[in-house]
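my_file_10.csv (CSV, C-alpha atoms)
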chain,number,residue,atom,x,y,z
A,1,MET,CA,22.3,62.3,125.2
A,2,SER,CA,22.2,64.5,122.0
A,3,LYS,CA,19.6,63.7,119.3
A,4,LYS,CA,22.4,63.6,116.7
A,5,LEU,CA,24.4,61.0,118.6
A,6,LYS,CA,21.2,58.9,119.1
A,7,GLU,CA,20.5,59.0,115.4
A,8,THR,CA,24.1,58.1,114.5
A,9,LEU,CA,24.1,55.2,116.9
A,10,LYS,CA,21.1,53.8,115.0
A,11,THR,CA,23.2,53.6,111.9
A,12,ALA,CA,26.4,52.4,113.6
A,13,PHE,CA,25.2,48.8,113.4
A,14,ASP,CA,24.3,48.8,109.7
A,15,ALA,CA,24.6,45.5,107.9
A,16,PRO,CA,24.7,44.5,104.2
A,17,MET,CA,21.2,44.4,102.7
A,18,PRO,CA,19.5,41.0,103.1
A,19,ILE,CA,19.0,39.2,99.8
A,20,ARG,CA,16.2,36.7,100.5
A,21,LYS,CA,14.0,38.8,102.7
A,22,SER,CA,11.0,39.3,100.3
A,23,GLU,CA,11.0,35.7,99.3
A,24,PHE,CA,11.0,34.5,102.8
A,25,LEU,CA,8.3,36.9,104.1
A,26,LEU,CA,6.0,35.9,101.2
A,27,SER,CA,6.4,32.2,101.9
A,28,VAL,CA,6.5,32.1,105.7
A,29,ASN,CA,3.4,30.7,107.3
A,30,PHE,CA,2.8,32.8,110.5
A,31,PRO,CA,-0.1,32.5,112.9
A,32,LYS,CA,-2.9,34.9,112.1
A,33,SER,CA,-4.8,36.8,114.7
A,34,THR,CA,-8.4,35.8,115.3
A,35,ARG,CA,-11.4,38.1,115.3
A,36,PHE,CA,-11.4,37.9,119.0
A,37,ASP,CA,-7.8,39.1,119.2
A,38,PHE,CA,-8.8,42.0,117.0
A,39,LEU,CA,-11.7,42.8,119.3
A,40,LEU,CA,-9.6,42.7,122.4
A,41,ALA,CA,-7.0,44.9,120.7
A,42,GLN,CA,-9.6,47.6,120.1
A,43,ILE,CA,-10.2,47.9,123.9
A,44,GLY,CA,-6.7,49.2,124.3
A,45,TYR,CA,-7.4,52.0,121.7
A,46,ILE,CA,-10.5,53.3,123.6
A,47,ARG,CA,-9.3,56.1,125.8
A,48,LYS,CA,-9.5,55.5,129.6
A,49,ARG,CA,-11.6,58.7,130.0
A,50,VAL,CA,-14.6,56.9,128.4
A,51,TRP,CA,-14.7,54.4,131.3
A,52,ILE,CA,-13.8,57.0,133.9
A,53,VAL,CA,-16.6,59.3,133.0
A,54,ALA,CA,-19.1,56.4,133.0
A,55,LEU,CA,-18.0,55.3,136.5
A,56,LEU,CA,-18.0,58.9,137.8
A,57,ALA,CA,-21.5,59.4,136.5
A,58,ILE,CA,-22.9,56.2,138.0
A,59,ILE,CA,-21.1,55.4,141.2
A,60,PRO,CA,-22.1,58.5,143.1
A,61,ALA,CA,-25.7,57.9,142.2
A,62,LEU,CA,-25.6,54.3,143.3
A,63,MET,CA,-23.9,55.3,146.5
A,64,ILE,CA,-26.7,57.7,147.3
A,65,LEU,CA,-29.2,55.1,146.3
A,66,PHE,CA,-27.8,52.4,148.6
A,67,SER,CA,-27.0,54.8,151.4
A,68,GLY,CA,-30.7,55.4,152.0
A,69,ILE,CA,-30.2,59.1,152.3
A,70,THR,CA,-33.4,59.6,150.3
A,71,GLU,CA,-36.5,57.5,150.4
A,72,ASN,CA,-37.8,58.9,147.2
A,73,VAL,CA,-36.0,56.5,144.8
A,74,LEU,CA,-37.9,57.7,141.8
A,75,GLY,CA,-36.6,61.1,142.5
A,76,LEU,CA,-33.0,59.9,141.9
A,77,VAL,CA,-34.0,58.6,138.5
A,78,TRP,CA,-33.8,62.1,136.9
A,79,VAL,CA,-30.3,62.6,138.4
A,80,VAL,CA,-29.1,59.4,136.7
A,81,SER,CA,-30.9,60.0,133.4
A,82,SER,CA,-29.5,63.5,133.3
A,83,LEU,CA,-26.0,62.1,133.6
A,84,LEU,CA,-26.4,59.5,131.0
A,85,PRO,CA,-26.1,61.9,128.0
A,86,PHE,CA,-22.5,62.6,129.0
A,87,ILE,CA,-21.7,58.9,128.9
A,88,ALA,CA,-23.2,58.8,125.5
A,89,LEU,CA,-21.1,61.8,124.6
A,90,MET,CA,-17.9,60.0,125.5
A,91,GLY,CA,-18.8,57.0,123.5
A,92,ILE,CA,-19.9,59.0,120.4
A,93,THR,CA,-16.8,61.2,120.4
A,94,GLU,CA,-14.6,58.2,120.8
A,95,ILE,CA,-16.1,56.6,117.7
A,96,ALA,CA,-15.9,59.8,115.8
A,97,ARG,CA,-12.3,60.5,116.8
A,98,SER,CA,-10.9,58.2,114.2
A,99,ALA,CA,-13.1,59.5,111.4
A,100,SER,CA,-12.5,63.2,112.2
A,101,HIS,CA,-8.7,62.8,112.5
A,102,ASN,CA,-8.6,61.1,109.0
A,103,MET,CA,-7.5,57.7,110.2
A,104,ALA,CA,-8.3,56.1,106.9
A,105,GLU,CA,-4.8,54.8,106.7
A,106,LEU,CA,-5.8,52.2,109.3
A,107,GLU,CA,-7.7,50.4,106.6
A,108,ILE,CA,-4.8,50.5,104.2
A,109,SER,CA,-2.3,49.1,106.6
A,110,CYS,CA,-4.4,46.6,108.6
A,111,LYS,CA,-5.9,43.3,107.9
A,112,TYR,CA,-9.3,44.5,109.1
A,113,SER,CA,-11.1,47.4,107.4
A,114,PHE,CA,-11.8,50.7,108.9
A,115,SER,CA,-15.5,49.9,109.2
A,116,HIS,CA,-14.6,46.8,111.1
A,117,VAL,CA,-12.6,48.9,113.5
A,118,ILE,CA,-15.5,51.3,114.0
A,119,LEU,CA,-18.0,48.5,114.5
A,120,ALA,CA,-15.8,46.7,117.0
A,121,ARG,CA,-15.4,49.9,119.1
A,122,LEU,CA,-19.1,50.6,118.9
A,123,GLY,CA,-19.7,47.0,120.0
A,124,ILE,CA,-17.3,47.3,123.0
A,125,ILE,CA,-18.6,50.7,124.1
A,126,GLY,CA,-22.2,49.6,123.6
A,127,PHE,CA,-21.7,46.4,125.5
A,128,THR,CA,-20.1,48.1,128.5
A,129,ASN,CA,-22.9,50.7,128.5
A,130,MET,CA,-25.4,47.9,128.6
A,131,ILE,CA,-23.7,46.4,131.6
A,132,MET,CA,-23.8,49.8,133.3
A,133,PHE,CA,-27.5,50.2,132.5
A,134,THR,CA,-28.2,46.7,133.9
A,135,VAL,CA,-26.4,47.5,137.1
A,136,VAL,CA,-28.3,50.8,137.5
A,137,ILE,CA,-31.7,49.3,136.7
A,138,ALA,CA,-31.0,46.3,139.0
A,139,SER,CA,-29.9,48.6,141.8
A,140,PHE,CA,-33.0,50.8,141.5
A,141,ARG,CA,-35.2,47.7,141.4
A,142,MET,CA,-33.5,46.3,144.5
A,143,VAL,CA,-33.7,49.4,146.6
A,144,GLY,CA,-36.9,51.0,145.5
A,145,GLY,CA,-38.8,48.2,143.8
A,146,VAL,CA,-39.2,50.4,140.7
A,147,ASP,CA,-40.7,48.8,137.6
A,148,VAL,CA,-38.0,47.7,135.3
A,149,LEU,CA,-39.7,48.6,132.0
A,150,ARG,CA,-40.6,52.0,133.3
A,151,LEU,CA,-37.2,52.7,134.7
A,152,GLY,CA,-35.5,51.5,131.5
A,153,THR,CA,-37.5,53.8,129.3
A,154,TYR,CA,-36.8,56.8,131.7
A,155,LEU,CA,-33.1,56.1,131.5
A,156,PHE,CA,-32.7,55.1,127.9
A,157,VAL,CA,-34.7,58.0,126.3
A,158,PRO,CA,-32.3,60.8,127.2
A,159,PHE,CA,-29.3,58.5,126.4
A,160,LEU,CA,-30.7,57.5,123.0
A,161,LEU,CA,-31.7,61.1,122.3
A,162,THR,CA,-28.1,62.2,122.8
A,163,CYS,CA,-26.8,59.3,120.7
A,164,SER,CA,-29.1,60.0,117.8
A,165,LEU,CA,-28.7,63.7,117.7
A,166,SER,CA,-24.9,63.4,118.0
A,167,LEU,CA,-24.7,60.8,115.3
A,168,PHE,CA,-27.0,62.9,113.1
A,169,ALA,CA,-24.6,65.9,113.6
A,170,LEU,CA,-21.5,63.8,112.9
A,171,ASN,CA,-22.9,62.3,109.8
A,172,ARG,CA,-23.7,65.6,108.3
A,173,LEU,CA,-20.9,67.8,109.6
A,174,ARG,CA,-17.4,67.0,108.3
A,175,SER,CA,-15.7,69.1,110.9
A,176,LYS,CA,-13.0,68.5,113.5
A,177,GLU,CA,-15.2,70.6,115.9
A,178,SER,CA,-17.9,68.0,115.8
A,179,ALA,CA,-16.8,66.9,119.3
A,180,TYR,CA,-17.8,70.3,120.6
A,181,ILE,CA,-21.2,70.1,118.9
A,182,CYS,CA,-21.8,66.7,120.5
A,183,GLY,CA,-20.8,68.2,123.8
A,184,GLY,CA,-23.4,70.9,123.3
A,185,ILE,CA,-26.0,68.4,122.4
A,186,SER,CA,-25.3,66.3,125.6
A,187,CYS,CA,-25.5,69.4,127.8
A,188,PHE,CA,-28.8,70.5,126.1
A,189,VAL,CA,-30.4,67.0,126.6
A,190,SER,CA,-29.1,66.7,130.1
A,191,ILE,CA,-30.4,70.1,131.2
A,192,CYS,CA,-33.8,69.6,129.4
A,193,ASN,CA,-34.2,66.2,131.0
A,194,ALA,CA,-33.4,67.6,134.5
A,195,PHE,CA,-35.7,70.5,134.0
A,196,ILE,CA,-38.6,68.4,132.8
A,197,SER,CA,-38.1,65.7,135.4
A,198,ASN,CA,-37.9,68.3,138.2
A,199,GLN,CA,-40.6,70.7,137.1
A,200,TYR,CA,-43.1,68.2,135.7
A,201,ARG,CA,-42.9,65.3,138.1
A,202,SER,CA,-46.1,63.9,136.5
A,203,ALA,CA,-44.0,63.3,133.4
A,204,LEU,CA,-42.6,60.3,135.1
A,205,SER,CA,-46.0,58.9,136.1
A,206,ASN,CA,-47.8,56.0,134.5
A,207,GLU,CA,-50.1,58.4,132.7
A,208,TYR,CA,-47.3,59.3,130.2
A,209,MET,CA,-45.8,55.9,130.0
A,210,MET,CA,-46.9,55.3,126.4
A,211,PHE,CA,-45.1,58.5,125.4
A,212,TRP,CA,-41.9,57.3,126.9
A,213,VAL,CA,-42.2,53.9,125.2
A,214,ILE,CA,-43.0,55.5,121.8
A,215,ALA,CA,-40.0,57.9,122.3
A,216,PHE,CA,-37.8,55.0,123.2
A,217,CYS,CA,-38.8,53.0,120.0
A,218,VAL,CA,-38.4,56.0,117.7
A,219,LEU,CA,-35.0,57.0,119.1
A,220,LEU,CA,-33.7,53.5,119.0
A,221,ILE,CA,-34.6,53.2,115.3
A,222,TRP,CA,-33.1,56.6,114.6
A,223,THR,CA,-29.9,55.7,116.5
A,224,VAL,CA,-29.5,52.4,114.6
A,225,GLY,CA,-30.1,54.2,111.3
A,226,GLU,CA,-27.5,56.9,112.0
A,227,ILE,CA,-25.0,54.2,113.1
A,228,ILE,CA,-25.5,52.4,109.7
A,229,LYS,CA,-24.9,55.7,107.9
A,230,LEU,CA,-21.7,56.3,109.9
A,231,ILE,CA,-20.4,52.8,108.9
A,232,ARG,CA,-21.2,53.5,105.3
A,233,LYS,CA,-19.4,56.8,105.5
A,234,THR,CA,-16.2,55.0,106.4
A,235,GLU,CA,-16.2,53.3,103.0
A,236,GLU,CA,-16.4,56.8,101.5
A,237,TYR,CA,-13.3,57.8,103.5
A,238,GLN,CA,-11.4,54.9,101.9
A,239,TRP,CA,-12.5,56.0,98.4
A,240,ASN,CA,-11.5,59.6,99.1
A,241,SER,CA,-8.2,58.5,100.5
A,242,SER,CA,-7.4,56.3,97.5
A,243,LEU,CA,-8.1,59.2,95.2
A,244,THR,CA,-5.7,61.6,97.0
A,245,ALA,CA,-2.9,59.1,97.7
B,1,MET,CA,3.0,40.4,117.5
B,2,SER,CA,1.5,43.7,116.3
B,3,VAL,CA,4.8,45.1,114.9
B,4,SER,CA,5.7,45.0,111.2
B,5,LEU,CA,7.3,41.7,110.2
B,6,GLN,CA,9.5,43.5,107.6
B,7,GLU,CA,10.8,45.9,110.2
B,8,GLN,CA,11.6,43.1,112.7
B,9,TYR,CA,13.2,41.0,110.0
B,10,ASP,CA,15.7,43.8,109.4
B,11,LYS,CA,16.4,44.3,113.1
B,12,ILE,CA,16.9,40.6,113.8
B,13,TYR,CA,19.1,40.3,110.7
B,14,LYS,CA,21.2,43.3,112.0
B,15,TYR,CA,21.5,41.6,115.3
B,16,CYS,CA,22.6,38.3,113.8
B,17,TYR,CA,25.1,40.0,111.6
B,18,PHE,CA,26.5,41.9,114.5
B,19,LYS,CA,27.0,38.6,116.3
B,20,ILE,CA,28.5,36.5,113.6
B,21,LYS,CA,29.8,39.0,111.0
B,22,ASN,CA,28.6,36.8,108.0
B,23,ALA,CA,25.8,38.2,105.9
B,24,THR,CA,24.6,34.9,104.3
B,25,LEU,CA,24.7,33.0,107.6
B,26,ALA,CA,23.0,36.0,109.4
B,27,GLU,CA,20.1,35.8,106.9
B,28,ASP,CA,19.8,32.0,107.4
B,29,LEU,CA,19.7,32.5,111.2
B,30,THR,CA,17.2,35.3,110.9
B,31,GLN,CA,14.9,33.1,108.9
B,32,GLU,CA,15.4,30.2,111.3
B,33,THR,CA,14.6,32.6,114.2
B,34,PHE,CA,11.2,33.5,112.7
B,35,LEU,CA,10.4,29.9,111.8
B,36,ARG,CA,11.1,28.8,115.4
B,37,PHE,CA,9.2,31.8,116.8
B,38,PHE,CA,6.1,31.1,114.8
B,39,SER,CA,6.2,27.4,115.6
B,40,GLN,CA,5.8,28.3,119.3
B,41,ASN,CA,2.8,30.6,118.9
B,42,ASN,CA,1.7,30.3,122.5
B,43,TYR,CA,4.5,32.8,123.2
B,44,ILE,CA,3.2,35.3,120.8
B,45,SER,CA,0.2,36.3,122.8
B,46,ARG,CA,1.7,36.5,126.2
B,47,GLY,CA,4.8,38.0,127.8
B,48,THR,CA,7.2,40.1,125.7
B,49,PRO,CA,7.3,38.4,122.2
B,50,LEU,CA,10.0,40.7,121.0
B,51,ALA,CA,12.3,39.6,123.8
B,52,TYR,CA,11.6,36.0,123.0
B,53,LEU,CA,12.4,36.6,119.3
B,54,TYR,CA,15.8,38.1,120.2
B,55,THR,CA,16.5,35.3,122.6
B,56,ILE,CA,16.0,32.7,119.9
B,57,ALA,CA,18.2,34.7,117.6
B,58,LYS,CA,20.9,34.9,120.3
B,59,ASN,CA,20.9,31.2,121.0
B,60,LEU,CA,21.1,30.4,117.3
B,61,CYS,CA,24.0,32.8,116.9
B,62,ILE,CA,25.8,31.2,119.8
B,63,ASP,CA,25.5,27.8,118.2
B,64,ALA,CA,26.5,29.1,114.7
B,65,TYR,CA,29.4,31.1,116.0
B,66,ARG,CA,31.1,28.0,117.3
B,67,LYS,CA,31.0,26.6,113.8
B,68,ALA,CA,31.1,29.7,111.4
B,69,ILE,CA,34.3,31.2,110.1
B,70,GLU,CA,34.5,34.8,111.1
B,71,GLN,CA,34.6,37.2,108.1
B,72,PRO,CA,35.9,40.7,108.3
B,73,LEU,CA,33.3,43.4,108.8
B,74,SER,CA,32.7,45.0,105.4
B,75,GLU,CA,32.9,48.8,105.6
B,76,ASP,CA,30.1,49.3,103.1
B,77,ILE,CA,29.5,53.0,103.9
B,78,SER,CA,29.6,54.4,100.5
B,79,ASP,CA,26.1,55.8,100.1
B,80,GLY,CA,26.7,58.1,97.2
B,81,ASP,CA,24.6,61.0,98.2
B,82,ALA,CA,25.5,61.1,101.9
B,83,ALA,CA,26.8,64.5,103.0
B,84,ILE,CA,30.5,64.5,103.9
B,85,ASN,CA,29.9,65.7,107.5
B,86,THR,CA,27.3,63.0,108.1
B,87,LEU,CA,29.7,60.4,106.7
B,88,GLU,CA,32.6,61.5,108.9
B,89,THR,CA,30.4,61.5,111.9
B,90,THR,CA,29.1,58.0,111.2
B,91,ILE,CA,32.6,56.6,110.6
B,92,SER,CA,33.9,58.1,113.9
B,93,VAL,CA,30.9,56.9,115.9
B,94,LYS,CA,31.2,53.4,114.3
B,95,ALA,CA,34.8,53.3,115.1
B,96,ALA,CA,34.2,54.5,118.6
B,97,VAL,CA,31.4,51.9,119.2
B,98,ALA,CA,33.8,49.2,118.0
B,99,THR,CA,36.1,50.1,120.9
B,100,LEU,CA,33.4,49.2,123.4
B,101,PRO,CA,33.3,45.8,125.0
B,102,GLN,CA,31.2,43.2,123.0
B,103,ASP,CA,28.4,43.0,125.6
B,104,VAL,CA,28.1,46.8,125.7
B,105,GLN,CA,28.0,46.9,121.9
B,106,GLU,CA,25.2,44.3,122.0
B,107,ILE,CA,23.2,46.4,124.4
B,108,PHE,CA,23.7,49.5,122.3
B,109,LEU,CA,22.5,47.6,119.2
B,110,LEU,CA,19.4,46.4,121.1
B,111,ARG,CA,18.7,49.8,122.6
B,112,PHE,CA,19.5,52.3,119.8
B,113,SER,CA,19.3,50.3,116.6
B,114,SER,CA,16.5,47.8,117.5
B,115,GLU,CA,14.8,50.4,119.8
B,116,LEU,CA,13.9,47.8,122.5
B,117,SER,CA,12.9,48.8,126.0
B,118,VAL,CA,15.2,48.3,128.9
B,119,LYS,CA,12.9,45.6,130.2
B,120,GLU,CA,13.1,43.7,126.9
B,121,ILE,CA,16.9,44.0,126.9
B,122,CYS,CA,17.0,42.6,130.5
B,123,GLU,CA,15.0,39.5,129.3
B,124,ILE,CA,17.3,39.0,126.4
B,125,THR,CA,20.6,39.4,128.1
B,126,GLY,CA,19.6,38.1,131.5
B,127,LEU,CA,20.9,41.2,133.3
B,128,SER,CA,19.1,43.4,135.8
B,129,ARG,CA,17.7,46.8,134.9
B,130,PHE,CA,20.4,48.5,136.9
B,131,ALA,CA,23.1,46.5,135.1
B,132,VAL,CA,21.7,47.4,131.7
B,133,ARG,CA,21.4,51.1,132.5
B,134,ARG,CA,24.9,51.1,134.0
B,135,LYS,CA,26.4,49.5,130.8
B,136,ILE,CA,24.5,52.0,128.6
B,137,ASN,CA,25.6,55.0,130.6
B,138,GLY,CA,29.2,53.7,130.9
B,139,GLY,CA,29.3,53.1,127.2
B,140,LEU,CA,28.1,56.6,126.4
B,141,GLU,CA,30.7,58.1,128.7
B,142,LYS,CA,33.4,56.1,127.0
B,143,LEU,CA,32.0,57.2,123.6
B,144,LYS,CA,32.3,60.8,124.7
B,145,LEU,CA,35.9,60.3,125.5
B,146,VAL,CA,36.6,58.7,122.1
B,147,ILE,CA,34.6,60.9,119.8
B,148,ARG,CA,35.4,64.5,119.4
B,149,GLU,CA,32.8,66.8,120.9
B,150,GLU,CA,31.8,68.4,117.7
B,151,ASP,CA,31.0,65.1,116.2
B,152,TYR,CA,28.0,64.3,118.4
B,153,LEU,CA,26.8,67.7,119.7
Is it possible to give me this structure as structure tokens?
Amino acid sequence: MSKKLKETLKTAFDAPMPIRKSEFLLSVNFPKSTRFDFLLAQIGYIRKRVWIVALLAIIPALMILFSGITENVLGLVWVVSSLLPFIALMGITEIARSASHNMAELEISCKYSFSHVILARLGIIGFTNMIMFTVVIASFRMVGGVDVLRLGTYLFVPFLLTCSLSLFALNRLRSKESAYICGGISCFVSICNAFISNQYRSALSNEYMMFWVIAFCVLLIWTVGEIIKLIRKTEEYQWNSSLTA
Amino acid sequence: MSVSLQEQYDKIYKYCYFKIKNATLAEDLTQETFLRFFSQNNYISRGTPLAYLYTIAKNLCIDAYRKAIEQPLSEDISDGDAAINTLETTISVKAAVATLPQDVQEIFLLRFSSELSVKEICEITGLSRFAVRRKINGGLEKLKLVIREEDYL
């Protein structure tokens, strides 16, 4: 069917203008969505590839772990910790997508502000990542009896390093190519982690445990700080948008 | 319902006007539709809320049609700045659509003017997907016979 006919059919059913529309819409009491509805709605906006990459990164490692192919459970830790930066990459680029594509009009048209939207998506992605970490740590504990604290720091440090560096770059670079920069950071962290874990096996020993814990704490604080800066930046987008509208 | 209320008001109003051909009554029925829809908010968050909205409108129109006096359709097409070619095309398509059976016209309204999916149209009209598609295709074929080729290509 031609586009012209389709457009004309739209107007074929025109009616006289309604007179009492504004008055009715201002006065009608319609049910409002709850914060929980808003949170659930944000799940639909997060691209499927975020979840797919997370599963592709974790499931093979867990399959190897439970298959018993290798007895050296700790040796698998570096594999998983090297894959985690890419999971962080998917999450960070997803959050940055709205900001880099100038989606400030969301705040203008929606009940909830842009910063609320960003926070909600961060919360959802963070929550699912925590579930994933829990599953991985529990699996390693179950199979290899690895200490939870030790394993947690080994896995969280490269993940948090990727998050903090990527957010640092996003907060300072107002560029649509920021996704590629985050990709580069993820690859760099992943490769460095794999190299260090492989070449310097002693780095995963108890001797250097304090270093890992300190690194974890520092990176956690840095990541939270960068997230706060990102949220504050969304208010700046609104201001810029209102000046140019 | 995540769609704009204003947009849906206009679409429901057009639907009601199509059914009963009376602007004032159509607006009353539109408002009644929304009031009834919002009073049953358990339907809003499940199923297809748009289809339910149109079903309410349809039932109200059926009740009202039995009582309302039919008014002639007003040909209010004088939009001062419309190009002559566009105006002639609209008139000929409108006239051609008016020759279609009432049920086909209703499906055309829902599909092309209200931009509902086939699934939603099935729920409103109670027809199967196959029947809806058959009526749409049949209606388009009939339109092509009625309208001159250069009017729609």
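Of note, CA of Lys10 (chain A) and CA of Tyr15 (chain B) are spaced 12.2 Å apart.
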Q: Excluding Ile137 (chain A) and any residue of its chain fewer than 4 positions from it, enumerate the residues within 9 Å of it, using all atoms listed in the file, and give them as JSON, numbers by chain.
A: {"A": [132, 133, 141, 142, 146, 148, 151, 152, 155]}
**Q.** All residues 10 Å or closer to Leu140 (chain B), only C-alpha atoms, same chain fewer than 2 positions away omitted, as a count of residues only
**A.** 16
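Of the listed residues A:Gly123, A:Gly184, A:Pro18, A:Gly144, the one whose atoms come nearest to Leu65 (chain A) is A:Gly144, with distances taken using all atoms listed in the file.
Residues in contact with Val135 (chain A) at up to 12 Å, not including ones fewer than 3 positions away on its chain and judged by only C-alpha atoms, are Leu55, Ile58, Ile59, Ala61, Leu62, Thr128, Asn129, Met130, Ile131, Met132, Ala138, Ser139, Phe140, Arg141, Met142, Val148 and Gly152 of chain A.
With all atoms listed in the file as the basis for measurement, B:Lys19 is the residue among B:Arg129, B:Arg111, B:Lys19, B:Lys94 that approaches Asn59 (chain B) most closely.
In this structure, CA of Gly126 (chain A) sits 19.5 Å away from CA of Val189 (chain A).
In this model, the gap between CA of Ser113 (chain A) and CA of Ile95 (chain A) comes to 14.7 Å.
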Neighbouring residues of Ile191 (chain A) were defined as those with any atom within 12 Å, considering all atoms listed in the file; residues of the same chain fewer than 2 positions away were excluded. Please report them as a PDB file with C-alpha atoms, in the coordinates of the input.
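Dumped to out_33.pdb:
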ATOM      1  CA  TRP A  78     -33.800  62.100 136.900  1.00  0.00           C
ATOM      2  CA  VAL A  79     -30.300  62.600 138.400  1.00  0.00           C
ATOM      3  CA  SER A  81     -30.900  60.000 133.400  1.00  0.00           C
ATOM      4  CA  SER A  82     -29.500  63.500 133.300  1.00  0.00           C
ATOM      5  CA  LEU A  83     -26.000  62.100 133.600  1.00  0.00           C
ATOM      6  CA  LEU A  84     -26.400  59.500 131.000  1.00  0.00           C
ATOM      7  CA  PRO A  85     -26.100  61.900 128.000  1.00  0.00           C
ATOM      8  CA  PHE A  86     -22.500  62.600 129.000  1.00  0.00           C
ATOM      9  CA  PRO A 158     -32.300  60.800 127.200  1.00  0.00           C
ATOM     10  CA  THR A 162     -28.100  62.200 122.800  1.00  0.00           C
ATOM     11  CA  GLY A 184     -23.400  70.900 123.300  1.00  0.00           C
ATOM     12  CA  ILE A 185     -26.000  68.400 122.400  1.00  0.00           C
ATOM     13  CA  SER A 186     -25.300  66.300 125.600  1.00  0.00           C
ATOM     14  CA  CYS A 187     -25.500  69.400 127.800  1.00  0.00           C
ATOM     15  CA  PHE A 188     -28.800  70.500 126.100  1.00  0.00           C
ATOM     16  CA  VAL A 189     -30.400  67.000 126.600  1.00  0.00           C
ATOM     17  CA  ASN A 193     -34.200  66.200 131.000  1.00  0.00           C
ATOM     18  CA  ALA A 194     -33.400  67.600 134.500  1.00  0.00           C
ATOM     19  CA  PHE A 195     -35.700  70.500 134.000  1.00  0.00           C
ATOM     20  CA  ILE A 196     -38.600  68.400 132.800  1.00  0.00           C
ATOM     21  CA  SER A 197     -38.100  65.700 135.400  1.00  0.00           C
ATOM     22  CA  ASN A 198     -37.900  68.300 138.200  1.00  0.00           C
ATOM     23  CA  GLN A 199     -40.600  70.700 137.100  1.00  0.00           C
TER      24      GLN A 199
END
Using all atoms listed in the file, find each residue in chain A having at least one atom no more than 10 Å away from chain B; report its shortest atom-to-atom pair and that distance in Å (one decimal), rows by chain then rising number, as JSON lines.
{"residue": "A:Met1", "atom": "CA", "partner": "B:Leu140", "partner_atom": "CA", "distance": 8.2}
{"residue": "A:Ser2", "atom": "CA", "partner": "B:Leu153", "partner_atom": "CA", "distance": 6.1}
{"residue": "A:Lys3", "atom": "CA", "partner": "B:Leu153", "partner_atom": "CA", "distance": 8.2}
{"residue": "A:Lys4", "atom": "CA", "partner": "B:Tyr152", "partner_atom": "CA", "distance": 5.9}
{"residue": "A:Leu5", "atom": "CA", "partner": "B:Tyr152", "partner_atom": "CA", "distance": 4.9}
{"residue": "A:Lys6", "atom": "CA", "partner": "B:Phe112", "partner_atom": "CA", "distance": 6.9}
{"residue": "A:Glu7", "atom": "CA", "partner": "B:Phe112", "partner_atom": "CA", "distance": 8.1}
{"residue": "A:Thr8", "atom": "CA", "partner": "B:Thr90", "partner_atom": "CA", "distance": 6.0}
{"residue": "A:Leu9", "atom": "CA", "partner": "B:Phe112", "partner_atom": "CA", "distance": 6.2}
{"residue": "A:Lys10", "atom": "CA", "partner": "B:Ser113", "partner_atom": "CA", "distance": 4.2}
{"residue": "A:Thr11", "atom": "CA", "partner": "B:Ser113", "partner_atom": "CA", "distance": 6.9}
{"residue": "A:Ala12", "atom": "CA", "partner": "B:Lys94", "partner_atom": "CA", "distance": 5.0}
{"residue": "A:Phe13", "atom": "CA", "partner": "B:Leu109", "partner_atom": "CA", "distance": 6.5}
{"residue": "A:Asp14", "atom": "CA", "partner": "B:Lys14", "partner_atom": "CA", "distance": 6.7}
{"residue": "A:Ala15", "atom": "CA", "partner": "B:Lys14", "partner_atom": "CA", "distance": 5.8}
{"residue": "A:Pro16", "atom": "CA", "partner": "B:Ala23", "partner_atom": "CA", "distance": 6.6}
{"residue": "A:Met17", "atom": "CA", "partner": "B:Ala23", "partner_atom": "CA", "distance": 8.4}
{"residue": "A:Pro18", "atom": "CA", "partner": "B:Glu27", "partner_atom": "CA", "distance": 6.5}
{"residue": "A:Ile19", "atom": "CA", "partner": "B:Glu27", "partner_atom": "CA", "distance": 7.9}
{"residue": "A:Arg20", "atom": "CA", "partner": "B:Glu27", "partner_atom": "CA", "distance": 7.5}
{"residue": "A:Lys21", "atom": "CA", "partner": "B:Tyr9", "partner_atom": "CA", "distance": 7.7}
{"residue": "A:Ser22", "atom": "CA", "partner": "B:Gln6", "partner_atom": "CA", "distance": 8.6}
{"residue": "A:Phe24", "atom": "CA", "partner": "B:Gln31", "partner_atom": "CA", "distance": 7.4}
{"residue": "A:Leu25", "atom": "CA", "partner": "B:Gln6", "partner_atom": "CA", "distance": 7.6}
{"residue": "A:Val28", "atom": "CA", "partner": "B:Leu35", "partner_atom": "CA", "distance": 7.6}
{"residue": "A:Asn29", "atom": "CA", "partner": "B:Phe38", "partner_atom": "CA", "distance": 8.0}
{"residue": "A:Phe30", "atom": "CA", "partner": "B:Phe38", "partner_atom": "CA", "distance": 5.7}
{"residue": "A:Pro31", "atom": "CA", "partner": "B:Phe38", "partner_atom": "CA", "distance": 6.6}
{"residue": "A:Lys32", "atom": "CA", "partner": "B:Met1", "partner_atom": "CA", "distance": 9.7}
{"residue": "A:Ser33", "atom": "CA", "partner": "B:Met1", "partner_atom": "CA", "distance": 9.0}
{"residue": "A:Asp37", "atom": "CA", "partner": "B:Ser45", "partner_atom": "CA", "distance": 9.2}
{"residue": "A:Ala41", "atom": "CA", "partner": "B:Ser2", "partner_atom": "CA", "distance": 9.6}
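If all atoms listed in the file are the atoms counted, then among B:Ile12, B:Leu50, B:Ile147, B:Ile20 the closest residue to Lys119 (chain B) is B:Leu50.
Minimum distance to Ile64 (chain A) across A:Ser190, A:Leu26, A:Val77, A:Ile221 (counting only C-alpha atoms) occurs at A:Val77.
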Q) Using all atoms listed in the file, can you list as a list in words the residues within 12 Å of (-33.3, 67.4, 116.6)? A) Leu161, Thr162, Cys163, Ser164, Leu165, Ser166, Leu167, Phe168, Ala169, Ile185, Phe188, Val189, Leu219 and Trp222 of chain A
